[in-house]
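Pasting run22.cif here (mmCIF, C-alpha atoms):
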```cif
data_query
#
loop_
_atom_site.label_atom_id
_atom_site.label_comp_id
_atom_site.auth_asym_id
_atom_site.auth_seq_id
_atom_site.Cartn_x
_atom_site.Cartn_y
_atom_site.Cartn_z
CA MET A 1 30.85 165.89 67.10
CA PRO A 2 33.22 165.65 70.08
CA ARG A 3 31.92 167.44 73.13
CA ALA A 4 33.36 169.20 76.15
CA THR A 5 31.57 169.61 79.45
CA ALA A 6 30.94 172.54 81.72
CA ILE A 7 29.78 172.84 85.30
CA THR A 8 26.57 174.85 85.47
CA PRO A 9 25.72 177.17 88.39
CA ASN A 10 23.67 174.46 90.12
CA GLY A 11 26.68 172.15 90.11
CA ALA A 12 25.36 169.64 87.57
CA THR A 13 27.55 168.54 84.67
CA ARG A 14 26.15 169.30 81.24
CA ALA A 15 27.49 168.94 77.73
CA ALA A 16 28.37 171.96 75.60
CA THR A 17 29.12 172.01 71.90
CA VAL A 18 32.82 172.38 71.22
CA VAL A 19 34.21 175.09 68.98
CA ALA A 20 36.47 173.91 66.14
CA SER A 21 35.88 170.17 66.16
CA GLY A 22 38.94 169.49 64.05
CA LEU A 23 41.18 171.08 66.65
CA LEU A 24 39.45 169.12 69.39
CA ALA A 25 40.17 165.85 67.60
CA ALA A 26 43.86 166.74 67.64
CA SER A 27 43.60 167.64 71.30
CA ALA A 28 42.36 164.18 72.18
CA VAL A 29 45.55 162.68 70.74
CA LEU A 30 47.62 165.05 72.91
CA GLY A 31 45.67 164.17 76.05
CA LEU A 32 44.27 167.68 76.50
CA ALA A 33 41.02 166.36 77.94
CA GLY A 34 42.81 165.63 81.22
CA CYS A 35 43.10 169.33 81.95
CA GLY A 36 40.01 170.72 83.62
CA ALA A 37 38.15 167.51 82.85
CA PRO A 38 34.80 167.18 84.64
CA ALA A 39 33.98 164.46 87.13
CA GLY A 40 31.02 164.99 89.45
CA ASP A 41 29.76 168.34 90.64
CA GLY A 42 33.09 169.41 92.10
CA VAL A 43 31.52 171.67 94.73
CA SER A 44 33.78 171.85 97.77
CA SER A 45 32.34 170.95 101.17
CA LEU A 46 35.00 173.19 102.69
CA SER A 47 33.83 176.06 100.51
CA ARG A 48 30.25 175.49 101.66
CA ALA A 49 31.40 175.57 105.28
CA ALA A 50 33.37 178.75 104.65
CA ALA A 51 30.37 180.32 102.98
CA SER A 52 28.24 179.66 106.03
CA GLY A 53 30.74 181.72 108.01
CA GLY A 54 30.83 184.50 105.46
CA GLN A 55 34.26 183.53 104.20
CA ALA A 56 33.70 182.36 100.63
CA PRO A 57 30.90 182.02 98.06
CA ALA A 58 28.99 178.75 98.28
CA ALA A 59 29.19 178.31 94.51
CA VAL A 60 32.96 177.93 94.27
CA LYS A 61 34.00 174.61 92.77
CA THR A 62 37.01 172.36 93.12
CA ASN A 63 36.58 171.35 89.48
CA VAL A 64 35.61 173.88 86.84
CA ALA A 65 35.53 172.63 83.26
CA ALA A 66 35.58 174.26 79.86
CA THR A 67 32.34 175.41 78.29
CA SER A 68 34.08 175.51 74.91
CA ARG A 69 37.51 175.59 73.33
CA LEU A 70 39.07 178.14 71.03
CA LEU A 71 42.25 178.80 69.13
CA ASN A 72 44.21 181.73 70.50
CA ALA A 73 45.32 183.62 67.39
CA GLY A 74 48.05 185.37 69.36
CA ASN A 75 49.94 182.24 70.40
CA GLY A 76 48.47 179.57 68.11
CA ARG A 77 47.37 177.43 71.09
CA LEU A 78 44.06 175.71 71.72
CA GLU A 79 42.62 177.09 74.98
CA ALA A 80 39.74 176.33 77.32
CA VAL A 81 36.95 178.85 77.85
CA VAL A 82 35.85 178.64 81.49
CA PRO A 83 32.70 180.21 82.98
CA ASP A 84 34.39 182.95 85.05
CA ILE A 85 38.14 183.20 84.62
CA SER A 86 38.32 186.22 86.94
CA ARG A 87 37.46 184.01 89.94
CA THR A 88 39.34 180.93 88.75
CA VAL A 89 42.68 179.64 89.99
CA LEU A 90 44.84 177.65 87.58
CA LEU A 91 46.20 174.80 89.71
CA ILE A 92 49.15 172.83 88.33
CA GLY A 93 50.01 169.69 90.25
CA ASP A 94 50.28 165.95 90.73
CA SER A 95 48.09 163.31 92.39
CA GLN A 96 47.87 165.36 95.59
CA SER A 97 45.87 167.87 93.51
CA GLU A 98 44.25 165.58 90.94
CA PRO A 99 41.24 164.19 92.91
CA LEU A 100 38.16 166.41 93.17
CA ASP A 101 38.68 166.41 96.92
CA GLY A 102 42.46 166.73 96.75
CA TRP A 103 43.64 168.97 99.57
CA PRO A 104 45.09 171.69 97.31
CA ARG A 105 41.72 171.96 95.54
CA LEU A 106 39.83 172.03 98.82
CA GLY A 107 42.02 174.75 100.27
CA LEU A 108 41.83 176.94 97.19
CA ALA A 109 38.06 176.53 96.90
CA ALA A 110 37.63 177.41 100.57
CA ALA A 111 39.75 180.51 99.91
CA GLY A 112 37.15 181.63 97.37
CA TYR A 113 38.33 180.31 94.01
CA ASP A 114 36.91 178.08 91.34
CA VAL A 115 39.65 175.56 90.54
CA TYR A 116 40.82 174.66 87.03
CA PHE A 117 43.36 171.84 87.24
CA CYS A 118 46.19 171.00 84.85
CA GLY A 119 48.44 168.09 85.68
CA ARG A 120 48.53 164.38 86.33
CA GLY A 121 49.57 161.91 88.98
CA GLY A 122 53.16 160.81 88.57
CA THR A 123 54.35 164.13 87.14
CA GLY A 124 56.42 166.93 88.60
CA TYR A 125 59.05 169.50 87.72
CA VAL A 126 61.20 166.72 86.23
CA ALA A 127 59.07 163.57 86.53
CA ALA A 128 56.85 162.61 83.59
CA ASN A 129 54.07 160.02 83.33
CA GLY A 130 53.58 158.23 80.05
CA ALA A 131 52.28 160.55 77.34
CA THR A 132 52.07 163.44 79.81
CA GLY A 133 55.35 165.29 80.21
CA ASN A 134 56.73 166.97 83.29
CA TYR A 135 55.18 170.31 84.16
CA VAL A 136 57.17 172.53 81.81
CA ASP A 137 57.30 170.06 78.93
CA ALA A 138 53.54 169.51 79.20
CA LEU A 139 52.97 173.26 79.01
CA GLU A 140 55.40 173.91 76.15
CA ARG A 141 54.32 171.06 73.88
CA GLY A 142 50.59 171.48 74.59
CA ASP A 143 49.75 168.44 76.73
CA TRP A 144 47.59 170.75 78.86
CA LEU A 145 44.57 172.72 77.72
CA LEU A 146 45.28 175.99 79.53
CA PRO A 147 42.45 178.43 80.23
CA SER A 148 41.84 181.42 78.02
CA GLY A 149 42.05 184.89 79.56
CA SER A 150 43.67 185.88 82.87
CA PRO A 151 43.13 183.62 85.90
CA ALA A 152 42.74 185.19 89.32
CA LEU A 153 45.75 183.21 90.55
CA ILE A 154 48.18 180.52 89.39
CA VAL A 155 49.32 177.90 91.90
CA ILE A 156 52.03 175.29 91.25
CA GLU A 157 52.01 172.30 93.63
CA GLY A 158 54.32 169.32 93.68
CA GLY A 159 57.75 167.80 93.96
CA GLY A 160 56.90 164.41 95.43
CA ASN A 161 57.46 162.52 92.21
CA ASP A 162 60.73 164.33 91.63
CA ALA A 163 61.81 163.11 95.07
CA ALA A 164 60.68 159.55 94.28
CA THR A 165 62.37 159.37 90.88
CA GLY A 166 65.73 160.77 91.97
CA ALA A 167 65.60 164.12 90.17
CA SER A 168 68.57 166.29 91.09
CA ASN A 169 68.37 169.72 92.67
CA THR A 170 69.80 171.21 89.48
CA GLN A 171 67.13 169.59 87.31
CA ILE A 172 64.30 170.68 89.60
CA VAL A 173 65.53 174.28 89.87
CA ARG A 174 66.10 174.54 86.12
CA ASN A 175 62.70 173.17 85.13
CA ALA A 176 60.85 175.12 87.79
CA GLY A 177 62.47 178.31 86.53
CA ARG A 178 61.44 177.51 82.96
CA LEU A 179 57.89 176.80 84.07
CA ILE A 180 57.59 180.07 85.99
CA ALA A 181 58.99 182.04 83.06
CA ASP A 182 56.60 180.37 80.62
CA LEU A 183 53.59 181.03 82.84
CA LYS A 184 54.56 184.67 83.31
CA THR A 185 54.80 185.03 79.53
CA ARG A 186 51.49 183.27 78.98
CA TYR A 187 49.67 185.15 81.77
CA PRO A 188 51.43 188.50 82.26
CA GLY A 189 50.36 190.28 85.45
CA THR A 190 48.66 187.23 87.01
CA ARG A 191 49.75 186.54 90.56
CA MET A 192 51.49 183.21 91.11
CA ALA A 193 52.29 181.09 94.17
CA MET A 194 53.89 177.71 94.89
CA ILE A 195 52.98 174.86 97.26
CA GLY A 196 55.73 172.48 98.30
CA THR A 197 55.94 168.74 98.88
CA LEU A 198 53.78 167.05 101.51
CA ALA A 199 56.07 165.21 103.96
CA ARG A 200 56.80 164.34 107.57
CA GLY A 201 59.58 166.86 108.16
CA ALA A 202 63.37 166.74 107.94
CA ASP A 203 63.72 165.52 111.55
CA ASP A 204 60.87 163.01 111.38
CA GLY A 205 61.73 160.84 108.38
CA GLY A 206 60.70 163.25 105.65
CA GLY A 207 63.84 162.42 103.70
CA ARG A 208 64.08 163.60 100.12
CA ARG A 209 60.48 164.81 100.09
CA SER A 210 61.23 167.37 102.81
CA GLU A 211 64.42 168.34 100.98
CA VAL A 212 62.49 168.97 97.77
CA ASP A 213 59.93 171.01 99.68
CA ALA A 214 62.71 173.30 100.93
CA LEU A 215 64.25 173.43 97.46
CA VAL A 216 60.95 174.50 95.88
CA GLY A 217 60.72 177.17 98.57
CA SER A 218 64.09 178.52 97.52
CA VAL A 219 62.95 178.62 93.89
CA ALA A 220 59.83 180.54 94.89
CA ALA A 221 61.93 183.04 96.87
CA ALA A 222 64.33 183.50 93.97
CA HIS A 223 61.42 184.39 91.69
CA GLY A 224 59.59 186.56 94.23
CA LEU A 225 56.66 184.18 94.62
CA PRO A 226 54.67 183.41 97.79
CA PHE A 227 55.36 179.87 99.02
CA VAL A 228 53.40 177.44 101.19
CA SER A 229 55.69 174.82 102.70
CA ALA A 230 54.10 171.43 103.34
CA GLY A 231 57.34 169.59 104.07
CA ASP A 232 56.51 168.85 107.72
CA TRP A 233 52.73 169.01 107.78
CA LEU A 234 52.18 165.30 108.43
CA THR A 235 53.97 165.46 111.76
CA ARG A 236 53.37 169.10 112.67
CA TYR A 237 49.61 168.60 112.50
CA GLY A 238 49.52 164.95 113.61
CA LEU A 239 48.13 163.75 110.28
CA ALA A 240 50.37 160.75 109.59
CA LYS A 241 47.51 158.65 111.03
CA ASP A 242 45.38 159.76 108.06
CA LEU A 243 47.74 158.50 105.37
CA ALA A 244 46.08 156.09 102.95
CA ASP A 245 49.53 154.92 101.84
CA SER A 246 53.02 156.31 102.31
CA VAL A 247 52.34 159.56 100.43
CA HIS A 248 48.58 160.08 99.94
CA MET A 249 45.89 161.06 102.44
CA ASN A 250 42.58 159.40 103.17
CA ALA A 251 39.40 161.48 102.89
CA ALA A 252 39.66 162.85 106.43
CA GLY A 253 43.29 163.77 105.88
CA ARG A 254 42.50 165.59 102.64
CA VAL A 255 39.85 167.67 104.39
CA ALA A 256 42.21 168.46 107.26
CA LEU A 257 45.02 169.51 104.93
CA GLY A 258 42.58 171.58 102.87
CA GLY A 259 41.68 173.54 105.98
CA ILE A 260 45.35 174.09 106.83
CA LEU A 261 46.06 175.29 103.31
CA GLU A 262 43.12 177.68 103.40
CA ARG A 263 44.48 179.28 106.59
CA ARG A 264 47.94 179.66 105.06
CA LEU A 265 46.48 181.23 101.91
CA ARG A 266 44.58 183.76 104.00
CA GLU A 267 47.68 184.53 106.08
CA LEU A 268 49.59 185.21 102.87
CA LYS A 269 46.71 187.34 101.51
CA LEU A 270 46.30 184.88 98.66
CA ASP A 271 42.60 184.27 99.21
CA ARG A 272 40.36 185.73 96.54
CA THR A 273 38.91 188.50 98.72
CA SER A 274 42.34 189.74 99.81
CA ALA A 275 43.67 189.57 96.26
CA ALA A 276 40.75 191.66 95.02
CA ASP A 277 41.20 194.18 97.84
CA GLN A 278 44.85 194.64 96.92
CA GLY A 279 43.74 195.87 93.52
CA SER A 280 46.53 194.06 91.70
CA LEU A 281 47.24 190.43 90.91
CA ALA A 282 50.88 191.00 89.99
CA ALA A 283 53.41 188.63 91.53
CA VAL A 284 54.73 189.88 94.86
CA THR A 285 58.29 189.89 96.05
CA GLY A 286 58.52 188.95 98.86
CA GLY A 287 62.71 157.99 102.83
CA ILE A 288 61.78 157.87 99.10
CA SER A 289 58.59 156.00 98.22
CA GLY A 290 57.90 154.19 94.96
CA LEU A 291 54.32 155.49 95.10
CA GLN A 292 53.47 158.42 92.88
CA ASP A 293 52.01 161.78 93.83
#
```
Please render this file's structure as C-alpha cells.
Amino acid sequence: MPRATAITPNGATRAATVVASGLLAASAVLGLAGCGAPAGDGVSSLSRAAASGGQAPAAVKTNVAATSRLLNAGNGRLEAVVPDISRTVLLIGDSQSEPLDGWPRLGLAAAGYDVYFCGRGGTGYVAANGATGNYVDALERGDWLLPSGSPALIVIEGGGNDAATGASNTQIVRNAGRLIADLKTRYPGTRMAMIGTLARGADDGGGRRSEVDALVGSVAAAHGLPFVSAGDWLTRYGLAKDLADSVHMNAAGRVALGGILERRLRELKLDRTSAADQGSLAAVTGGISGLQD
C-alpha cells in the first residue's frame, strides 16, 4: 500500500498508513506528494535559538508532513491531515521556500509555526513548471495536497519566476487575486499574508524583480493583507555576498534572511504568539535572470 510520512515529536521521520489508498494512487499522478513532502527532520536551527531566548517552542519544524490523507466530503478534495493544524502555517512559494532551510521556512519557524509547504521551484503567480501549474492553477486543479482544517496562518511568497519569464503586471495581479479569493473560500477566517520578491532594490540593479516585489505589495494592500517586502533586502542588509547564484542564497544567506523575516513577522504581529493574543486570525486591513526561484 502507498504510504505517507509524518514527522514525530522527536523530529524523526516515520511512515504512517495512508487512508484511501485508491485516492492516493491518483494523487501520485497529480504530483500531490510534493506538497508537505518529508525530507529530513525539518527542525529549524533558528527556532531552536529562538526557543532558548523564550521566543518560540523548540519543537517547531520547517517541514511538517501529513500523517494521513482524507477526502473532504464538503469540497470533494483530497487533503492532508497534519499533526497540529492550529500551530501550522501553510506556506505557498517557489524555490526560495522549497528547501528545508529556505529563508521563508526559517523565519516562519522562528516565529513559532510548524511549516507545511505547497509549491515548487520555477512556479509563481503566472509561471508554471512542468506538470505543476502556477500557484492558482495548482490550487484549483489539485496539484497541491492542501492541509485539512484551519491553519494558523497562510503565507504566499514569490514573484521571482514571474519576473524571469516576462509575466505582465496584469497577469500577475489577476492571478494573485484569484489565488487570494480561492484561499479565502477554502480557509474562511484564516489570516493571510504575502512575502514579496527577493532582490537588490530598484536603485541597485533589482530590475524586474524589485518591480514585481512592489506590485505584489500593491496586491496585498488591495486585499487588506499584511505584506513583507523583500525587494531590496540583498543590498539593504549587505547580503549580495551570500548569493549562491544570481537569485538564490547560500546557507549563511538563508539563515540571515530567515532572521530578518522573523523580525518583520513579529513587527507585523504575525508571529504565532501575537496572533493567538489577538484572539482572531481573520485577515487584517491594513536585470532578469534565467535562473528559477
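As for CA of Ile154 (chain A) and CA of Met192 (chain A), they are spaced 4.6 Å apart.
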Can you spell out as a short mmCIF file (atom, residue, chain, number, x, y, z; two decimals) with C-alpha atoms, in the frame of the given file the set of residues that the PyMOL selection byres ((chain A and resi 141) around 12) selects in the structure I just provided?
```
data_model
loop_
_atom_site.label_atom_id
_atom_site.label_comp_id
_atom_site.auth_asym_id
_atom_site.auth_seq_id
_atom_site.Cartn_x
_atom_site.Cartn_y
_atom_site.Cartn_z
CA SER A 27 43.60 167.64 71.30
CA LEU A 30 47.62 165.05 72.91
CA GLY A 31 45.67 164.17 76.05
CA LEU A 32 44.27 167.68 76.50
CA GLY A 76 48.47 179.57 68.11
CA ARG A 77 47.37 177.43 71.09
CA LEU A 78 44.06 175.71 71.72
CA ALA A 131 52.28 160.55 77.34
CA THR A 132 52.07 163.44 79.81
CA GLY A 133 55.35 165.29 80.21
CA ASN A 134 56.73 166.97 83.29
CA TYR A 135 55.18 170.31 84.16
CA VAL A 136 57.17 172.53 81.81
CA ASP A 137 57.30 170.06 78.93
CA ALA A 138 53.54 169.51 79.20
CA LEU A 139 52.97 173.26 79.01
CA GLU A 140 55.40 173.91 76.15
CA GLY A 142 50.59 171.48 74.59
CA ASP A 143 49.75 168.44 76.73
CA TRP A 144 47.59 170.75 78.86
CA LEU A 145 44.57 172.72 77.72
CA LEU A 146 45.28 175.99 79.53
CA ASP A 182 56.60 180.37 80.62
#
```
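Ranking A:Gly74, A:Gly177, A:Pro99, A:Gly107 by their shortest atom-to-atom distance to Gly224 (chain A), with only C-alpha atoms included, puts A:Gly177 first.
We find CA of Ser86 (chain A) and CA of Glu157 (chain A) to be spaced 20.6 Å apart.
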- Residues picked by the PyMOL selection byres ((chain A and resi 152) around 6) here, as a count of residues only? 6
- Task: Name the residues that the PyMOL selection byres ((chain A and resi 92-97) around 9) picks from the file above, as a ChimeraX atom specification, using the file's chain letters and numbers.
- Result: /A:90-91,98-105,116-124,135,154-161,198,247-249,254,292-293
- With distances taken over all atoms listed in the file, the candidate from A:Ala167, A:Leu179, A:Val173, A:Leu225 nearest Ala128 (chain A) is A:Ala167
- Query: Which protein, DNA or RNA residues have an atom at most 6 Å from (53.7, 185.2, 98.8), counting all atoms listed in the file? List them as an NGL selection string.
  - Reply: :A and (225-227 or 268)
- Message: What's the separation between CA of Thr273 (chain A) and CA of Gly112 (chain A), in Å to one decimal place?
- Response: 7.2 Å
- Query: Excluding same-chain residues fewer than 6 positions from Gly231 (chain A), what lies within 6 Å of it counting only C-alpha atoms, as number ranges by chain?
  - Reply: A: 197-199, 201, 210, 213
Could you please take those selected residues and save C-alpha atoms as a short mmCIF file (atom, residue, chain, number, x, y, z; two decimals), keeping the file's coordinate frame?
```
data_model
loop_
_atom_site.label_atom_id
_atom_site.label_comp_id
_atom_site.auth_asym_id
_atom_site.auth_seq_id
_atom_site.Cartn_x
_atom_site.Cartn_y
_atom_site.Cartn_z
CA THR A 197 55.94 168.74 98.88
CA LEU A 198 53.78 167.05 101.51
CA ALA A 199 56.07 165.21 103.96
CA GLY A 201 59.58 166.86 108.16
CA SER A 210 61.23 167.37 102.81
CA ASP A 213 59.93 171.01 99.68
#
```
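Shortest separation to Arg236 (chain A) among A:Arg200, A:Val255, A:Lys269, A:Asn250 occurs at residue A:Arg200, atoms counted being only C-alpha atoms.
Proximity to Val64 (chain A) was assessed for A:Gly166, A:Ile85, A:Ser218, A:Glu79 counting only C-alpha atoms; the smallest distance is recorded for A:Ile85.
Ranking A:Val228, A:Leu239, A:Ala252, A:Ser246 by their shortest atom-to-atom distance to Glu267 (chain A), with all atoms listed in the file included, puts A:Val228 first.
Closest approach to Val216 (chain A) from the set A:Leu265, A:Ala66, A:Ala163, A:Ala181 is made by A:Ala163, with distances taken over only C-alpha atoms.
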Please determine an axis-aligned box that encloses all atoms of region 73-90 of chain A listed in the file, with 5 Å added on each side, and express its centre and edge lengths in Å to one decimal as lines of an AutoDock Vina configuration file.
```
center_x = 41.3
center_y = 181.0
center_z = 78.7
size_x = 27.2
size_y = 20.5
size_z = 32.6
```
Fix up region 90-115 of chain A with N, CA and C atoms, then write it as an mmCIF file, in the coordinates of the input.
```
data_model
loop_
_atom_site.group_PDB
_atom_site.id
_atom_site.type_symbol
_atom_site.label_atom_id
_atom_site.label_comp_id
_atom_site.auth_asym_id
_atom_site.auth_seq_id
_atom_site.Cartn_x
_atom_site.Cartn_y
_atom_site.Cartn_z
ATOM 1 N N LEU A 90 44.223 178.711 88.373
ATOM 2 C CA LEU A 90 44.840 177.650 87.580
ATOM 3 C C LEU A 90 45.770 176.888 88.510
ATOM 4 N N LEU A 91 45.419 175.643 88.818
ATOM 5 C CA LEU A 91 46.200 174.800 89.710
ATOM 6 C C LEU A 91 46.972 173.785 88.874
ATOM 7 N N ILE A 92 48.278 173.792 89.007
ATOM 8 C CA ILE A 92 49.150 172.830 88.330
ATOM 9 C C ILE A 92 49.698 171.891 89.394
ATOM 10 N N GLY A 93 49.556 170.585 89.195
ATOM 11 C CA GLY A 93 50.010 169.690 90.250
ATOM 12 C C GLY A 93 50.009 168.227 89.864
ATOM 13 N N ASP A 94 50.173 167.393 90.883
ATOM 14 C CA ASP A 94 50.280 165.950 90.730
ATOM 15 C C ASP A 94 49.080 165.265 91.373
ATOM 16 N N SER A 95 49.248 164.039 91.854
ATOM 17 C CA SER A 95 48.090 163.310 92.390
ATOM 18 C C SER A 95 47.637 163.820 93.748
ATOM 19 N N GLN A 96 48.399 164.690 94.395
ATOM 20 C CA GLN A 96 47.870 165.360 95.590
ATOM 21 C C GLN A 96 46.741 166.312 95.195
ATOM 22 N N SER A 97 46.851 166.895 93.999
ATOM 23 C CA SER A 97 45.870 167.870 93.510
ATOM 24 C C SER A 97 44.822 167.260 92.589
ATOM 25 N N GLU A 98 45.103 166.111 92.014
ATOM 26 C CA GLU A 98 44.250 165.580 90.940
ATOM 27 C C GLU A 98 42.832 165.217 91.385
ATOM 28 N N PRO A 99 42.622 164.554 92.534
ATOM 29 C CA PRO A 99 41.240 164.190 92.910
ATOM 30 C C PRO A 99 40.373 165.432 93.140
ATOM 31 N N LEU A 100 39.070 165.284 92.925
ATOM 32 C CA LEU A 100 38.160 166.410 93.170
ATOM 33 C C LEU A 100 38.243 166.911 94.601
ATOM 34 N N ASP A 101 38.531 165.990 95.532
ATOM 35 C CA ASP A 101 38.680 166.410 96.920
ATOM 36 C C ASP A 101 40.142 166.412 97.351
ATOM 37 N N GLY A 102 41.059 166.571 96.398
ATOM 38 C CA GLY A 102 42.460 166.730 96.750
ATOM 39 C C GLY A 102 42.640 167.963 97.628
ATOM 40 N N TRP A 103 43.539 167.886 98.597
ATOM 41 C CA TRP A 103 43.640 168.970 99.570
ATOM 42 C C TRP A 103 44.026 170.314 98.961
ATOM 43 N N PRO A 104 44.862 170.383 97.908
ATOM 44 C CA PRO A 104 45.090 171.690 97.310
ATOM 45 C C PRO A 104 43.812 172.296 96.710
ATOM 46 N N ARG A 105 42.993 171.456 96.084
ATOM 47 C CA ARG A 105 41.720 171.960 95.540
ATOM 48 C C ARG A 105 40.801 172.442 96.660
ATOM 49 N N LEU A 106 40.711 171.650 97.723
ATOM 50 C CA LEU A 106 39.830 172.030 98.820
ATOM 51 C C LEU A 106 40.247 173.349 99.447
ATOM 52 N N GLY A 107 41.540 173.514 99.669
ATOM 53 C CA GLY A 107 42.020 174.750 100.270
ATOM 54 C C GLY A 107 41.788 175.957 99.408
ATOM 55 N N LEU A 108 42.029 175.819 98.115
ATOM 56 C CA LEU A 108 41.830 176.940 97.190
ATOM 57 C C LEU A 108 40.354 177.285 97.046
ATOM 58 N N ALA A 109 39.496 176.264 97.000
ATOM 59 C CA ALA A 109 38.060 176.530 96.900
ATOM 60 C C ALA A 109 37.559 177.225 98.160
ATOM 61 N N ALA A 110 38.042 176.778 99.326
ATOM 62 C CA ALA A 110 37.630 177.410 100.570
ATOM 63 C C ALA A 110 38.131 178.837 100.673
ATOM 64 N N ALA A 111 39.224 179.142 99.952
ATOM 65 C CA ALA A 111 39.750 180.510 99.910
ATOM 66 C C ALA A 111 39.038 181.374 98.874
ATOM 67 N N GLY A 112 38.004 180.823 98.230
ATOM 68 C CA GLY A 112 37.150 181.630 97.370
ATOM 69 C C GLY A 112 37.274 181.440 95.888
ATOM 70 N N TYR A 113 38.076 180.477 95.445
ATOM 71 C CA TYR A 113 38.330 180.310 94.010
ATOM 72 C C TYR A 113 37.570 179.124 93.423
ATOM 73 N N ASP A 114 37.170 179.243 92.158
ATOM 74 C CA ASP A 114 36.910 178.080 91.340
ATOM 75 C C ASP A 114 38.267 177.511 90.960
ATOM 76 N N VAL A 115 38.356 176.199 90.804
ATOM 77 C CA VAL A 115 39.650 175.560 90.540
ATOM 78 C C VAL A 115 39.637 174.897 89.170
#
```
